[in-house]
$ cat target18.txt   # compact mmCIF, C-alpha atoms
# COMPACT_ATOMS: atom_id res chain seq x y z
CA MET T 179 0.00 0.00 0.00
CA MET T 180 2.86 2.42 0.81
CA LYS T 181 4.40 1.70 -2.62
CA VAL T 182 1.14 2.73 -4.31
CA ILE T 183 0.93 5.95 -2.29
CA LYS T 184 4.58 6.82 -3.02
CA LYS T 185 4.06 6.07 -6.71
CA ASN T 186 0.96 8.31 -6.79
CA ILE T 187 2.77 11.15 -4.99
CA ILE T 188 5.71 10.91 -7.41
CA THR T 189 3.29 10.94 -10.37
CA ILE T 190 1.54 14.04 -9.00
CA ILE T 191 4.84 15.84 -8.38
CA LEU T 192 6.07 15.04 -11.91
CA ALA T 193 2.76 16.24 -13.40
CA VAL T 194 2.96 19.54 -11.50
CA LEU T 195 6.60 20.04 -12.56
CA SER T 196 5.67 19.32 -16.18
CA ILE T 197 2.87 21.89 -16.06
CA LEU T 198 5.25 24.49 -14.58
CA VAL T 199 7.86 23.83 -17.29
CA ILE T 200 5.21 24.19 -20.01
CA ALA T 201 3.87 27.41 -18.44
CA PHE T 202 7.35 28.98 -18.25
CA THR T 203 8.14 27.91 -21.83
CA VAL T 204 4.91 29.44 -23.19
CA SER T 205 5.54 32.60 -21.16
CA TYR T 206 9.10 32.86 -22.53
CA LEU T 207 8.01 32.31 -26.15
CA ASN T 208 5.30 34.99 -25.86
CA GLN T 209 7.63 37.50 -24.22
CA LYS T 210 8.08 40.73 -26.14
CA THR T 211 11.35 42.57 -26.18
CA TYR T 212 11.08 45.73 -24.08
CA ALA T 213 13.36 48.78 -24.10
CA LYS T 214 15.83 48.62 -21.23
CA GLU T 215 16.24 52.42 -21.06
CA ASP T 216 14.77 55.69 -22.33
CA GLY T 217 15.94 57.05 -25.66
CA VAL T 218 15.05 58.25 -29.13
CA VAL T 219 14.58 56.11 -32.23
CA THR T 220 14.27 57.14 -35.86
CA ILE T 221 11.61 55.16 -37.69
CA GLU T 222 11.35 55.56 -41.43
CA PHE T 223 8.60 54.13 -43.64
CA GLN T 224 9.43 53.87 -47.36
CA ASN T 225 7.23 52.89 -50.28
CA ASP T 226 7.06 53.87 -53.95
CA GLU T 227 4.94 56.93 -53.16
CA HIS T 228 6.67 58.54 -50.20
CA ILE T 229 9.10 58.35 -47.31
CA ILE T 230 7.95 59.21 -43.79
CA ASN T 231 10.72 59.82 -41.27
CA LYS T 232 9.97 60.30 -37.54
CA ASN T 233 12.20 60.79 -34.52
CA ILE T 234 10.31 59.24 -31.62
CA TYR T 235 11.08 59.37 -27.92
CA PHE T 236 10.59 56.06 -26.13
CA PHE T 237 10.74 55.03 -22.51
CA LYS T 238 12.00 52.03 -20.59
CA GLY T 239 9.45 49.24 -21.11
CA ASP T 240 8.26 50.40 -24.56
CA THR T 241 8.10 47.97 -27.49
CA LEU T 242 8.68 48.67 -31.16
CA GLN T 243 5.17 47.44 -31.96
CA ASN T 244 3.58 49.97 -29.56
CA ILE T 245 5.78 52.81 -30.83
CA ILE T 246 4.66 52.09 -34.41
CA LEU T 247 1.00 51.80 -33.37
CA ASN T 248 1.12 55.12 -31.50
CA HIS T 249 3.05 57.21 -34.05
CA PHE T 250 1.92 56.07 -37.50
CA ASN T 251 -1.47 55.99 -39.27
CA ASP T 252 -3.46 53.02 -40.60
CA VAL T 253 -1.30 50.48 -38.73
CA GLN T 254 -2.38 46.84 -38.68
CA PHE T 255 -0.54 43.83 -37.32
CA GLU T 256 -1.40 40.17 -37.73
CA GLU T 257 -0.26 37.72 -35.10
CA SER T 258 1.71 34.76 -36.38
CA SER T 259 3.58 31.93 -34.71
CA TYR T 260 6.67 34.14 -35.09
CA GLY T 261 5.09 37.17 -33.40
CA PRO T 262 3.47 40.36 -34.74
CA PHE T 263 3.64 40.87 -38.51
CA LEU T 264 3.17 44.40 -39.90
CA VAL T 265 0.66 44.22 -42.79
CA ALA T 266 -0.53 47.84 -43.10
CA ILE T 267 0.87 51.30 -42.40
CA GLU T 268 0.39 54.85 -43.73
CA GLY T 269 -2.01 53.87 -46.54
CA TYR T 270 -0.04 50.78 -47.64
CA THR T 271 -1.67 47.35 -47.17
CA MET T 272 0.22 44.19 -48.00
CA PRO T 273 -1.57 42.22 -50.74
CA LYS T 274 -2.73 38.67 -49.97
CA ASP T 275 -0.39 37.27 -52.65
CA TYR T 276 2.67 38.89 -50.99
CA ALA T 277 3.59 40.64 -54.27
CA THR T 278 4.93 43.34 -51.96
CA TYR T 279 5.74 43.16 -48.27
CA ILE T 280 7.40 45.21 -45.54
CA SER T 281 11.05 44.46 -44.73
CA ILE T 282 12.72 45.72 -41.58
CA TYR T 283 16.18 47.28 -41.54
CA ILE T 284 18.08 48.25 -38.39
CA ASP T 285 20.75 50.92 -38.84
CA GLY T 286 20.82 50.16 -42.59
CA SER T 287 21.15 46.36 -42.33
CA PHE T 288 18.40 43.83 -43.02
CA SER T 289 16.96 42.65 -39.71
CA PRO T 290 17.00 38.92 -38.99
CA TYR T 291 14.38 39.65 -36.29
CA GLY T 292 10.70 40.45 -36.41
CA ILE T 293 9.09 43.53 -34.87
CA GLY T 294 8.29 41.69 -31.63
CA ASP T 295 11.93 40.69 -31.16
CA ILE T 296 13.64 44.04 -31.74
CA GLU T 297 14.76 45.84 -28.60
CA LEU T 298 14.60 49.62 -28.85
CA LYS T 299 17.99 51.24 -28.24
CA ASN T 300 18.88 54.90 -28.08
CA GLU T 301 19.70 56.51 -31.44
CA MET T 302 18.93 53.43 -33.55
CA THR T 303 17.29 53.81 -36.97
CA ILE T 304 14.59 51.40 -38.05
CA THR T 305 13.47 51.42 -41.67
CA LEU T 306 10.20 49.78 -42.71
CA LYS T 307 10.56 49.37 -46.46
CA VAL T 308 7.98 48.09 -48.95
CA GLU T 309 9.73 45.63 -51.23
CA ARG T 310 8.64 43.49 -54.19
CA GLY T 311 8.38 39.72 -53.87
CA SER T 312 10.55 37.59 -56.11
$ encode --input "target18.txt" --output "structure tokens"
Amino acid sequence: MMKVIKKNIITIILAVLSILVIAFTVSYLNQKTYAKEDGVVTIEFQNDEHIINKNIYFFKGDTLQNIILNHFNDVQFEESSYGPFLVAIEGYTMPKDYATYISIYIDGSFSPYGIGDIELKNEMTITLKVERGS
């Protein structure tokens, strides 16, 4: 009888630990990258029609997604398994066939990260550029 009780207790403990590991993993994967300090960022939107360039003050805890939402017009994001995906801004809307899309550049270099994974840093320049699909 004691073996059965010990086995049940061990099973319960392992189940609780598994749930905690899953909860922390999901929390980590859904974590957005927040600014670690106050600063100013230059965000530029470029398409065939115009270039919009804004110097924006941000504060510790801000995210790039929120800065874009609060300082640009007609902004729409879609959530994907990779995080937020910018599909509309300043009159541009990405077509369903992806003939054009928005690329992200940080300080002039193509970003390997999505909007949800970019940490705002003082004096960085982020360019959101409409590009043609191949």
$ residues_around --input "target18.txt" --residues "segment 264-266 of chain T" --least-positions-apart "5" --cutoff "8 Å" --atoms "all atoms listed in the file" --output "list in words"
Asp252, Val253, Gln254, Phe255, Glu256, Thr271, Met272, Tyr279, Ile280 and Ile293 of chain T
$ atom_distance --input "target18.txt" --atom1 "atom CA of Pro290 of chain T" --atom2 "atom CA of Glu227 of chain T"
25.9 Å
$ closest_residue --input "target18.txt" --among "T:Tyr291, T:Ala277, T:Glu297, T:Gly311" --to "Ile245 of chain T" --atoms "all atoms listed in the file"
T:Glu297
$ atom_distance --input "target18.txt" --atom1 "atom CA of Asp295 of chain T" --atom2 "atom CA of Phe236 of chain T"
16.2 Å
$ atom_distance --input "target18.txt" --atom1 "atom CA of Val218 of chain T" --atom2 "atom CA of Gly269 of chain T"
24.8 Å
$ closest_residue --input "target18.txt" --among "T:Gly292, T:Leu306, T:Lys232, T:Asp285" --to "Glu257 of chain T" --atoms "only C-alpha atoms"
T:Gly292
$ closest_residue --input "target18.txt" --among "T:Leu298, T:Ile267, T:Ile284, T:Leu195" --to "Thr211 of chain T" --atoms "all atoms listed in the file"
T:Leu298
$ residues_near_point --input "target18.txt" --point "(10.6, 51.5, -42.4)" --cutoff "7 Å" --atoms "all atoms listed in the file" --output "list in words"
Ile221, Glu222, Phe223, Gln224, Ile282, Ile304, Thr305, Leu306 and Lys307 of chain T
$ closest_residue --input "target18.txt" --among "T:Thr278, T:Ser287, T:Asn251, T:Gln243" --to "Asn225 of chain T" --atoms "only C-alpha atoms"
T:Thr278
$ closest_residue --input "target18.txt" --among "T:Val308, T:Pro262, T:Gly294, T:Thr303" --to "Ser281 of chain T" --atoms "only C-alpha atoms"
T:Val308
$ residues_around --input "target18.txt" --residues "Gly239 of chain T" --least-positions-apart "4" --cutoff "7 Å" --atoms "all atoms listed in the file" --output "ChimeraX atom specification"
/T:212-214
